[in-house]
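Source file: run-v6.json (JSON, C-alpha atoms)
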```
[["chain", "number", "residue", "atom", "x", "y", "z"],
["A", 1, "MET", "CA", 49.91, -73.07, 43.25],
["A", 2, "ASN", "CA", 50.72, -76.60, 42.10],
["A", 3, "ASP", "CA", 54.38, -77.54, 42.62],
["A", 4, "LEU", "CA", 54.56, -78.62, 38.97],
["A", 5, "THR", "CA", 53.54, -75.18, 37.68],
["A", 6, "GLU", "CA", 55.45, -71.93, 37.72],
["A", 7, "LEU", "CA", 53.83, -68.59, 36.80],
["A", 8, "TRP", "CA", 55.81, -65.37, 36.95],
["A", 9, "GLU", "CA", 53.06, -63.10, 35.58],
["A", 10, "LYS", "CA", 49.28, -62.93, 35.90],
["A", 11, "PRO", "CA", 47.89, -60.69, 33.13],
["A", 12, "PRO", "CA", 44.68, -58.91, 34.21],
["A", 13, "SER", "CA", 42.76, -59.46, 30.96],
["A", 14, "GLY", "CA", 43.47, -63.07, 29.97],
["A", 15, "LYS", "CA", 39.98, -64.55, 30.17],
["A", 16, "TYR", "CA", 40.41, -66.96, 27.27],
["A", 17, "MET", "CA", 43.03, -69.48, 26.24],
["A", 18, "ILE", "CA", 43.87, -71.27, 22.98],
["A", 19, "ALA", "CA", 45.76, -74.49, 23.66],
["A", 20, "GLY", "CA", 47.59, -77.07, 21.58],
["A", 21, "TRP", "CA", 50.02, -79.94, 21.94],
["A", 22, "HIS", "CA", 52.80, -81.67, 20.09],
["A", 23, "GLN", "CA", 51.22, -85.09, 19.94],
["A", 24, "TRP", "CA", 51.06, -88.33, 17.99],
["A", 25, "ALA", "CA", 47.76, -87.36, 16.31],
["A", 26, "ASP", "CA", 48.46, -83.91, 14.87],
["A", 27, "ALA", "CA", 47.03, -83.80, 11.33],
["A", 28, "GLY", "CA", 47.88, -80.62, 9.46],
["A", 29, "VAL", "CA", 50.01, -79.75, 12.52],
["A", 30, "VAL", "CA", 46.90, -77.92, 13.74],
["A", 31, "SER", "CA", 47.47, -78.69, 17.41],
["A", 32, "SER", "CA", 51.20, -77.90, 17.50],
["A", 33, "ALA", "CA", 51.86, -75.31, 14.79],
["A", 34, "LEU", "CA", 48.74, -73.12, 15.03],
["A", 35, "PRO", "CA", 49.48, -72.07, 18.66],
["A", 36, "GLN", "CA", 53.11, -71.42, 17.68],
["A", 37, "TYR", "CA", 51.90, -69.32, 14.74],
["A", 38, "LEU", "CA", 49.74, -67.27, 17.11],
["A", 39, "ILE", "CA", 52.67, -66.81, 19.50],
["A", 40, "ASP", "CA", 54.84, -65.55, 16.65],
["A", 41, "GLN", "CA", 52.18, -63.36, 15.04],
["A", 42, "THR", "CA", 51.16, -61.65, 18.27],
["A", 43, "GLN", "CA", 54.68, -61.57, 19.74],
["A", 44, "ALA", "CA", 53.21, -63.20, 22.83],
["A", 45, "ARG", "CA", 55.41, -63.28, 25.89],
["A", 46, "LYS", "CA", 56.00, -66.35, 28.01],
["A", 47, "ILE", "CA", 54.43, -66.01, 31.44],
["A", 48, "GLY", "CA", 54.83, -69.49, 32.91],
["A", 49, "LYS", "CA", 55.51, -73.17, 32.42],
["A", 50, "MET", "CA", 54.77, -76.63, 33.72],
["A", 51, "LYS", "CA", 57.65, -78.83, 34.83],
["A", 52, "SER", "CA", 58.20, -81.99, 32.82],
["A", 53, "ASP", "CA", 58.87, -84.11, 35.90],
["A", 54, "GLY", "CA", 57.35, -87.57, 35.61],
["A", 55, "PHE", "CA", 55.33, -87.02, 32.44],
["A", 56, "TYR", "CA", 57.69, -88.35, 29.77],
["A", 57, "LEU", "CA", 59.44, -91.60, 28.97],
["A", 58, "PHE", "CA", 63.01, -91.55, 27.71],
["A", 59, "GLN", "CA", 62.78, -94.68, 25.61],
["A", 60, "ILE", "CA", 60.76, -97.75, 24.73],
["A", 61, "PRO", "CA", 62.48, -100.26, 22.43],
["A", 62, "GLY", "CA", 61.73, -99.44, 18.80],
["A", 63, "THR", "CA", 60.25, -95.99, 19.47],
["A", 64, "HIS", "CA", 63.16, -94.03, 20.94],
["A", 65, "HIS", "CA", 63.15, -91.39, 18.21],
["A", 66, "LEU", "CA", 59.57, -90.47, 19.17],
["A", 67, "LEU", "CA", 60.31, -90.11, 22.88],
["A", 68, "ARG", "CA", 63.80, -88.80, 23.51],
["A", 69, "PRO", "CA", 64.87, -85.14, 23.60],
["A", 70, "VAL", "CA", 66.36, -84.00, 20.29],
["A", 71, "VAL", "CA", 70.01, -82.97, 20.35],
["A", 72, "LYS", "CA", 72.02, -81.01, 17.77],
["A", 73, "LEU", "CA", 75.80, -81.44, 17.87],
["A", 74, "ASP", "CA", 78.62, -79.61, 16.12],
["A", 75, "GLU", "CA", 82.09, -81.18, 16.30],
["A", 76, "GLY", "CA", 81.02, -83.10, 19.37],
["A", 77, "TYR", "CA", 79.64, -80.13, 21.29],
["A", 78, "ARG", "CA", 75.96, -79.64, 22.00],
["A", 79, "GLN", "CA", 74.52, -76.68, 20.14],
["A", 80, "GLU", "CA", 70.93, -77.35, 21.13],
["A", 81, "LEU", "CA", 68.88, -79.80, 23.18],
["A", 82, "ARG", "CA", 65.13, -79.61, 22.64],
["A", 83, "GLU", "CA", 63.44, -80.94, 25.75],
["A", 84, "LYS", "CA", 59.74, -81.38, 26.45],
["A", 85, "ARG", "CA", 58.05, -78.04, 27.12],
["A", 86, "ASN", "CA", 54.66, -77.00, 28.44],
["A", 87, "GLU", "CA", 54.47, -73.22, 28.38],
["A", 88, "PHE", "CA", 51.96, -70.44, 28.93],
["A", 89, "PHE", "CA", 52.03, -67.25, 26.84],
["A", 90, "TYR", "CA", 50.13, -63.98, 26.89],
["A", 91, "ALA", "CA", 49.25, -62.01, 23.76],
["A", 92, "GLY", "CA", 48.07, -58.41, 24.12],
["A", 93, "ASP", "CA", 48.30, -55.70, 26.73],
["A", 94, "ASP", "CA", 46.78, -55.03, 30.13],
["A", 95, "GLY", "CA", 43.60, -53.75, 28.50],
["A", 96, "LYS", "CA", 42.88, -56.69, 26.23],
["A", 97, "GLY", "CA", 44.55, -59.98, 25.45],
["A", 98, "PHE", "CA", 44.36, -63.74, 25.53],
["A", 99, "LEU", "CA", 46.45, -66.68, 26.67],
["A", 100, "ILE", "CA", 48.14, -69.35, 24.58],
["A", 101, "PHE", "CA", 49.35, -72.72, 25.80],
["A", 102, "LEU", "CA", 51.69, -74.96, 23.83],
["A", 103, "GLY", "CA", 52.70, -78.25, 25.35],
["A", 104, "GLU", "CA", 53.81, -81.83, 24.81],
["A", 105, "GLU", "CA", 51.28, -84.60, 25.19],
["A", 106, "PRO", "CA", 52.32, -86.56, 28.30],
["A", 107, "HIS", "CA", 53.28, -90.23, 28.09],
["A", 108, "GLN", "CA", 52.19, -91.04, 31.65],
["A", 109, "ASN", "CA", 50.82, -89.56, 34.88],
["A", 110, "GLU", "CA", 48.12, -87.79, 32.91],
["A", 111, "GLU", "CA", 46.05, -87.14, 36.03],
["A", 112, "GLN", "CA", 48.86, -85.14, 37.62],
["A", 113, "TYR", "CA", 49.41, -83.36, 34.30],
["A", 114, "ALA", "CA", 45.73, -82.37, 34.17],
["A", 115, "GLY", "CA", 45.86, -81.19, 37.77],
["A", 116, "ALA", "CA", 48.87, -78.96, 37.12],
["A", 117, "PHE", "CA", 47.29, -77.59, 33.94],
["A", 118, "PHE", "CA", 43.96, -76.71, 35.53],
["A", 119, "ASP", "CA", 45.57, -75.31, 38.67],
["A", 120, "ALA", "CA", 47.35, -72.84, 36.39],
["A", 121, "ILE", "CA", 44.09, -72.11, 34.54],
["A", 122, "GLU", "CA", 42.35, -71.24, 37.80],
["A", 123, "GLU", "CA", 45.30, -69.21, 39.06],
["A", 124, "LEU", "CA", 45.31, -67.17, 35.82],
["A", 125, "GLY", "CA", 41.55, -66.59, 35.99],
["A", 126, "VAL", "CA", 40.85, -68.18, 32.61],
["A", 127, "GLN", "CA", 37.12, -68.52, 31.93],
["A", 128, "ARG", "CA", 37.27, -70.78, 28.88],
["A", 129, "VAL", "CA", 39.89, -72.95, 27.17],
["A", 130, "ALA", "CA", 39.77, -73.80, 23.46],
["A", 131, "ALA", "CA", 41.93, -76.73, 22.38],
["A", 132, "VAL", "CA", 42.74, -76.96, 18.66],
["A", 133, "ALA", "CA", 43.38, -80.23, 16.85],
["A", 134, "GLY", "CA", 43.42, -81.90, 13.46],
["A", 135, "VAL", "CA", 42.56, -85.33, 12.09],
["A", 136, "TYR", "CA", 43.08, -86.65, 8.58],
["A", 137, "GLY", "CA", 40.17, -87.55, 6.33],
["A", 138, "ALA", "CA", 39.21, -87.78, 2.66],
["A", 139, "VAL", "CA", 37.81, -84.24, 2.48],
["A", 140, "PRO", "CA", 38.11, -81.62, -0.29],
["A", 141, "TYR", "CA", 41.20, -79.45, -0.01],
["A", 142, "ASP", "CA", 39.37, -76.43, -1.47],
["A", 143, "LYS", "CA", 36.31, -76.44, 0.78],
["A", 144, "ASN", "CA", 35.68, -75.19, 4.32],
["A", 145, "ARG", "CA", 36.97, -77.70, 6.81],
["A", 146, "ASP", "CA", 34.59, -79.93, 8.72],
["A", 147, "VAL", "CA", 35.03, -79.20, 12.43],
["A", 148, "SER", "CA", 34.13, -81.64, 15.19],
["A", 149, "CYS", "CA", 33.60, -80.59, 18.78],
["A", 150, "VAL", "CA", 34.10, -82.09, 22.24],
["A", 151, "TYR", "CA", 33.12, -80.06, 25.32],
["A", 152, "SER", "CA", 33.34, -80.36, 29.08],
["A", 153, "LEU", "CA", 30.04, -78.97, 30.42],
["A", 154, "PRO", "CA", 26.54, -79.81, 29.08],
["A", 155, "THR", "CA", 25.56, -76.12, 29.37],
["A", 156, "MET", "CA", 28.05, -75.24, 26.61],
["A", 157, "LYS", "CA", 26.41, -77.28, 23.83],
["A", 158, "ASP", "CA", 23.76, -74.83, 22.62],
["A", 159, "GLU", "CA", 26.27, -72.01, 22.24],
["A", 160, "LEU", "CA", 28.90, -74.18, 20.55],
["A", 161, "ALA", "CA", 26.31, -75.43, 18.06],
["A", 162, "LYS", "CA", 26.21, -71.90, 16.60],
["A", 163, "TYR", "CA", 29.81, -72.28, 15.39],
["A", 164, "ALA", "CA", 29.05, -74.67, 12.51],
["A", 165, "VAL", "CA", 30.46, -77.75, 14.23],
["A", 166, "ARG", "CA", 29.33, -81.32, 14.54],
["A", 167, "PHE", "CA", 29.50, -82.98, 17.92],
["A", 168, "SER", "CA", 31.83, -85.97, 17.96],
["A", 169, "ASN", "CA", 30.60, -89.54, 18.44],
["A", 170, "TYR", "CA", 34.15, -90.92, 18.44],
["A", 171, "GLU", "CA", 34.97, -94.01, 20.47],
["A", 172, "GLY", "CA", 38.60, -95.06, 20.96],
["A", 173, "GLY", "CA", 41.88, -93.92, 22.44],
["A", 174, "ALA", "CA", 41.65, -90.43, 23.93],
["A", 175, "THR", "CA", 43.99, -87.59, 23.03],
["A", 176, "ILE", "CA", 45.24, -85.26, 25.74],
["A", 177, "SER", "CA", 42.61, -82.64, 24.89],
["A", 178, "MET", "CA", 39.81, -85.23, 25.12],
["A", 179, "TYR", "CA", 41.16, -86.33, 28.49],
["A", 180, "LEU", "CA", 41.37, -82.73, 29.69],
["A", 181, "ALA", "CA", 37.76, -82.12, 28.62],
["A", 182, "HIS", "CA", 36.79, -84.98, 30.94],
["A", 183, "LYS", "CA", 38.85, -83.67, 33.86],
["A", 184, "ALA", "CA", 37.63, -80.11, 33.27],
["A", 185, "GLU", "CA", 34.05, -81.13, 34.01],
["A", 186, "GLU", "CA", 35.09, -82.46, 37.41],
["A", 187, "ARG", "CA", 36.31, -78.94, 38.24],
["A", 188, "GLY", "CA", 33.47, -77.04, 36.55],
["A", 189, "ILE", "CA", 35.80, -75.51, 33.95],
["A", 190, "GLU", "CA", 34.67, -74.59, 30.42],
["A", 191, "PHE", "CA", 36.93, -76.52, 28.07],
["A", 192, "PHE", "CA", 36.25, -77.51, 24.47],
["A", 193, "ARG", "CA", 38.12, -79.00, 21.54],
["A", 194, "PHE", "CA", 37.67, -77.91, 17.92],
["A", 195, "CYS", "CA", 39.13, -80.55, 15.62],
["A", 196, "ALA", "CA", 39.42, -79.80, 11.89],
["A", 197, "PHE", "CA", 39.38, -82.60, 9.32],
["A", 198, "THR", "CA", 42.41, -82.07, 7.09],
["A", 199, "PRO", "CA", 42.80, -83.58, 3.59],
["A", 200, "ALA", "CA", 44.37, -87.02, 3.12],
["A", 201, "TYR", "CA", 43.99, -89.06, -0.07],
["A", 202, "ASP", "CA", 44.77, -92.74, -0.59],
["A", 203, "LEU", "CA", 45.70, -93.32, -4.24],
["A", 204, "SER", "CA", 47.50, -96.63, -3.72],
["A", 205, "LYS", "CA", 44.90, -98.59, -5.71],
["A", 206, "GLY", "CA", 46.00, -96.83, -8.89],
["A", 207, "SER", "CA", 49.77, -97.04, -8.41],
["A", 208, "MET", "CA", 52.36, -98.23, -5.95],
["A", 209, "LEU", "CA", 54.33, -95.05, -6.69],
["A", 210, "VAL", "CA", 51.72, -92.85, -5.02],
["A", 211, "GLN", "CA", 50.59, -94.12, -1.64],
["A", 212, "ARG", "CA", 49.04, -91.35, 0.43],
["A", 213, "MET", "CA", 48.83, -87.60, -0.11],
["A", 214, "THR", "CA", 48.30, -85.32, 2.88],
["A", 215, "VAL", "CA", 48.27, -81.60, 3.57],
["A", 216, "GLU", "CA", 51.21, -81.27, 5.91],
["A", 217, "GLN", "CA", 50.49, -77.70, 7.08],
["A", 218, "ASP", "CA", 46.79, -77.14, 6.68],
["A", 219, "PHE", "CA", 46.55, -73.35, 6.68],
["A", 220, "LYS", "CA", 42.93, -73.63, 5.57],
["A", 221, "ALA", "CA", 42.13, -75.56, 8.76],
["A", 222, "TRP", "CA", 44.05, -73.00, 10.83],
["A", 223, "TYR", "CA", 42.09, -70.19, 9.21],
["A", 224, "ASP", "CA", 38.69, -71.86, 9.60],
["A", 225, "LEU", "CA", 39.33, -72.52, 13.30],
["A", 226, "MET", "CA", 40.60, -69.02, 13.96],
["A", 227, "ILE", "CA", 37.54, -67.43, 12.32],
["A", 228, "ARG", "CA", 35.49, -69.18, 14.98],
["A", 229, "LEU", "CA", 37.78, -68.41, 17.92],
["A", 230, "ASN", "CA", 38.38, -64.82, 16.82],
["A", 231, "HIS", "CA", 34.63, -64.26, 16.94],
["A", 232, "MET", "CA", 33.93, -66.27, 20.10],
["A", 233, "PHE", "CA", 36.67, -64.61, 22.14],
["A", 234, "ASN", "CA", 36.31, -61.17, 20.52],
["A", 235, "LEU", "CA", 40.06, -61.13, 19.81],
["A", 236, "ASP", "CA", 39.98, -58.58, 16.96],
["A", 237, "MET", "CA", 42.87, -60.43, 15.30],
["A", 238, "ASP", "CA", 43.84, -59.60, 11.74],
["A", 239, "LEU", "CA", 43.48, -62.94, 9.94],
["A", 240, "SER", "CA", 44.50, -61.66, 6.49],
["A", 241, "ASP", "CA", 47.87, -63.48, 6.60],
["A", 242, "LEU", "CA", 46.19, -66.78, 7.42],
["A", 243, "GLU", "CA", 43.57, -66.16, 4.73],
["A", 244, "LYS", "CA", 46.32, -65.61, 2.15],
["A", 245, "ARG", "CA", 48.17, -68.74, 3.26],
["A", 246, "SER", "CA", 44.90, -70.64, 2.95],
["A", 247, "ASP", "CA", 44.28, -69.33, -0.58],
["A", 248, "ASP", "CA", 47.88, -70.12, -1.58],
["A", 249, "LEU", "CA", 47.50, -73.66, -0.24],
["A", 250, "ILE", "CA", 44.40, -74.24, -2.34],
["A", 251, "ALA", "CA", 46.12, -72.86, -5.45],
["A", 252, "GLU", "CA", 49.15, -75.09, -4.78],
["A", 253, "TRP", "CA", 46.93, -78.16, -4.54],
["A", 254, "ASP", "CA", 45.04, -77.19, -7.69],
["A", 255, "SER", "CA", 48.37, -77.33, -9.53],
["A", 256, "LYS", "CA", 49.43, -80.54, -7.77],
["A", 257, "ILE", "CA", 46.22, -82.38, -8.68],
["A", 258, "ASP", "CA", 46.40, -81.15, -12.30],
["A", 259, "HIS", "CA", 50.02, -82.31, -12.54],
["A", 260, "ILE", "CA", 49.23, -85.79, -11.16],
["A", 261, "ALA", "CA", 46.21, -86.14, -13.45],
["A", 262, "GLU", "CA", 48.39, -85.36, -16.47],
["A", 263, "ALA", "CA", 51.49, -87.33, -15.46],
["A", 264, "MET", "CA", 49.69, -90.41, -14.08],
["A", 265, "PRO", "CA", 46.31, -90.81, -15.81],
["A", 266, "GLN", "CA", 46.00, -94.38, -14.48],
["A", 267, "LEU", "CA", 45.31, -92.93, -11.03],
["A", 268, "LYS", "CA", 42.07, -91.36, -12.28],
["A", 269, "VAL", "CA", 42.66, -88.59, -9.79],
["A", 270, "ALA", "CA", 39.96, -86.33, -11.30],
["A", 271, "ALA", "CA", 37.32, -89.00, -10.75],
["A", 272, "TYR", "CA", 38.67, -89.65, -7.24],
["A", 273, "MET", "CA", 38.45, -85.96, -6.31],
["A", 274, "GLU", "CA", 34.98, -85.73, -7.83],
["A", 275, "GLN", "CA", 33.85, -88.57, -5.58],
["A", 276, "VAL", "CA", 35.45, -86.87, -2.55],
["A", 277, "ASN", "CA", 33.49, -83.71, -3.31],
["A", 278, "GLU", "CA", 30.22, -85.60, -3.83],
["A", 279, "ASP", "CA", 30.57, -87.29, -0.44],
["A", 280, "PHE", "CA", 31.27, -84.01, 1.37],
["A", 281, "ALA", "CA", 28.64, -81.64, 2.76],
["A", 282, "GLU", "CA", 30.28, -78.24, 3.21],
["A", 283, "VAL", "CA", 29.32, -76.21, 6.27],
["A", 284, "SER", "CA", 30.45, -72.61, 6.64],
["A", 285, "PHE", "CA", 30.74, -70.42, 9.70],
["A", 286, "VAL", "CA", 29.96, -66.77, 9.06],
["A", 287, "PRO", "CA", 30.15, -64.54, 12.16],
["A", 288, "LEU", "CA", 26.92, -62.65, 12.66],
["A", 289, "SER", "CA", 28.80, -59.33, 12.73],
["A", 290, "ASP", "CA", 30.32, -60.11, 9.32],
["A", 291, "LEU", "CA", 26.92, -61.10, 7.99],
["A", 292, "TRP", "CA", 25.40, -57.81, 9.15],
["A", 293, "GLU", "CA", 28.27, -55.89, 7.56],
["A", 294, "GLU", "CA", 27.74, -57.72, 4.27],
["A", 295, "GLU", "CA", 23.99, -57.09, 4.30],
["A", 296, "LEU", "CA", 24.54, -53.42, 5.18],
["A", 297, "GLY", "CA", 26.91, -53.14, 2.22],
["A", 298, "HIS", "CA", 24.29, -54.57, -0.09],
["A", 299, "LEU", "CA", 21.68, -52.18, 1.29],
["A", 300, "LEU", "CA", 23.95, -49.17, 0.74],
["A", 301, "GLU", "CA", 24.67, -50.32, -2.80],
["A", 302, "ASP", "CA", 20.92, -50.52, -3.48],
["A", 303, "LEU", "CA", 20.37, -47.06, -2.06]]
```
What is this file in structure tokens?
Amino acid sequence: MNDLTELWEKPPSGKYMIAGWHQWADAGVVSSALPQYLIDQTQARKIGKMKSDGFYLFQIPGTHHLLRPVVKLDEGYRQELREKRNEFFYAGDDGKGFLIFLGEEPHQNEEQYAGAFFDAIEELGVQRVAAVAGVYGAVPYDKNRDVSCVYSLPTMKDELAKYAVRFSNYEGGATISMYLAHKAEERGIEFFRFCAFTPAYDLSKGSMLVQRMTVEQDFKAWYDLMIRLNHMFNLDMDLSDLEKRSDDLIAEWDSKIDHIAEAMPQLKVAAYMEQVNEDFAEVSFVPLSDLWEEELGHLLEDL
């Protein structure tokens, strides 16, 4: 075992892992909050961690609030100190379950970080890792999220194409999950990243009072990603809570857009949203099992 990794339990049925990171690019808090949601919902137990040694900077002038541990004081005494964490969790029982990883994107020594991460993956017997992520874009808030995909092994592409994704042609600075996809191939590990495009609207041309509107917690993106992973990993998770949160989010934004259109007609928000919808090609993922169930229902109704 890598010296930077500590595991105190090896569940017998954890073949699959869903992973996310607190990171600079975390639209809709998909990468950080969705894994935490899964940990809470499944009451997953912590089974290991990676040490933070050498991965994080304490300060760079002008950016210290982004880097330093967060402290909470009361009358001069520390009540809480939130340090960088990279932790492994297990959801389920010995018969069936899956692993969850929630970490902090490293500032440096990414090669050692990747080595410690994948050493733990191999030690736990994980067959496939799914990283979740989000990126902002001018996409409809009430439509299925566009999902881009990055993968580690060429043999994975045909299967992943069945999950209503588009394969990324991005060129630029790599996130930790993109970097890990690269390092995973060197070790023959199946690793992929599903990145949901979450709504962000620039209305600054119409008014200086309204600059940029974003969906801070994109439950619709969480739901659309989990439909895919629930089916792929055969998790049998009840997604009704996420579905409700997704529906509530859309209803909330319906009201928000109507309110802005009425209060600030100069923004022409209705025309803006109409253009957003015209430029968007919605793609839906419907699990084959759900499709069969729907068709069977129709057949029984006809009979």
List every protein, DNA or RNA residue that has an atom no more than 12 Å from (44.2, -66.1, 27.3) in the file's coordinate frame, counting only C-alpha atoms, and report them as an MDAnalysis selection string. chainID A and resid 10:19 35 38:39 44:47 88:94 96:101 120:122 124:131 229 233:235
Scan for residues within 10 Å of the point (53.4, -79.1, 24.4) in the coordinates of the file, using all atoms listed in the file, and reply as a PyMOL selection string. chain A and resi 19-23+31-32+35+50+84-88+101-106
Distance in Å - CA of Leu160 in chain A versus CA of Thr42 in chain A: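 About the pair CA of Leu160 in chain A and CA of Thr42 in chain A: they are 25.6 Å apart.
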Quick one: distance from CA of Ala33 in chain A to CA of Lys157 in chain A in Å, one decimal? 27.1 Å
Taking all atoms listed in the file into account, which of A:Ser204, A:Ser246, A:Gln79, A:Asn109 comes nearest Lys268 in chain A?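 Among A:Ser204, A:Ser246, A:Gln79, A:Asn109, it is A:Ser204 that comes nearest to Lys268 in chain A.
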Taking all atoms listed in the file into account, which of A:Met213, A:Ile250, A:Val286, A:Ala174 comes nearest Arg228 in chain A?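 Among A:Met213, A:Ile250, A:Val286, A:Ala174, it is A:Val286 that comes nearest to Arg228 in chain A.
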Any idea what the distance is between CA of Ala261 in chain A and CA of Ala200 in chain A? 16.7 Å
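Distance check against Gln275 in chain A using all atoms listed in the file: of A:Ala221, A:Asp247, A:Leu239, A:Tyr201, the minimum falls on A:Tyr201.
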Phe219 in chain A surroundings by all atoms listed in the file, 10 Å radius, close-in-sequence under 4 positions cut, as a PDB file with C-alpha atoms, in the coordinates of the input:
```
ATOM      1  CA  GLY A  28      47.880 -80.620   9.460  1.00  0.00           C
ATOM      2  CA  VAL A  29      50.010 -79.750  12.520  1.00  0.00           C
ATOM      3  CA  VAL A  30      46.900 -77.920  13.740  1.00  0.00           C
ATOM      4  CA  ALA A  33      51.860 -75.310  14.790  1.00  0.00           C
ATOM      5  CA  LEU A  34      48.740 -73.120  15.030  1.00  0.00           C
ATOM      6  CA  THR A 198      42.410 -82.070   7.090  1.00  0.00           C
ATOM      7  CA  VAL A 215      48.270 -81.600   3.570  1.00  0.00           C
ATOM      8  CA  TYR A 223      42.090 -70.190   9.210  1.00  0.00           C
ATOM      9  CA  ASP A 224      38.690 -71.860   9.600  1.00  0.00           C
ATOM     10  CA  LEU A 225      39.330 -72.520  13.300  1.00  0.00           C
ATOM     11  CA  ASP A 241      47.870 -63.480   6.600  1.00  0.00           C
ATOM     12  CA  LEU A 242      46.190 -66.780   7.420  1.00  0.00           C
ATOM     13  CA  GLU A 243      43.570 -66.160   4.730  1.00  0.00           C
ATOM     14  CA  LYS A 244      46.320 -65.610   2.150  1.00  0.00           C
ATOM     15  CA  ARG A 245      48.170 -68.740   3.260  1.00  0.00           C
ATOM     16  CA  SER A 246      44.900 -70.640   2.950  1.00  0.00           C
ATOM     17  CA  ASP A 247      44.280 -69.330  -0.580  1.00  0.00           C
ATOM     18  CA  ASP A 248      47.880 -70.120  -1.580  1.00  0.00           C
ATOM     19  CA  LEU A 249      47.500 -73.660  -0.240  1.00  0.00           C
ATOM     20  CA  ILE A 250      44.400 -74.240  -2.340  1.00  0.00           C
TER      21      ILE A 250
END
```
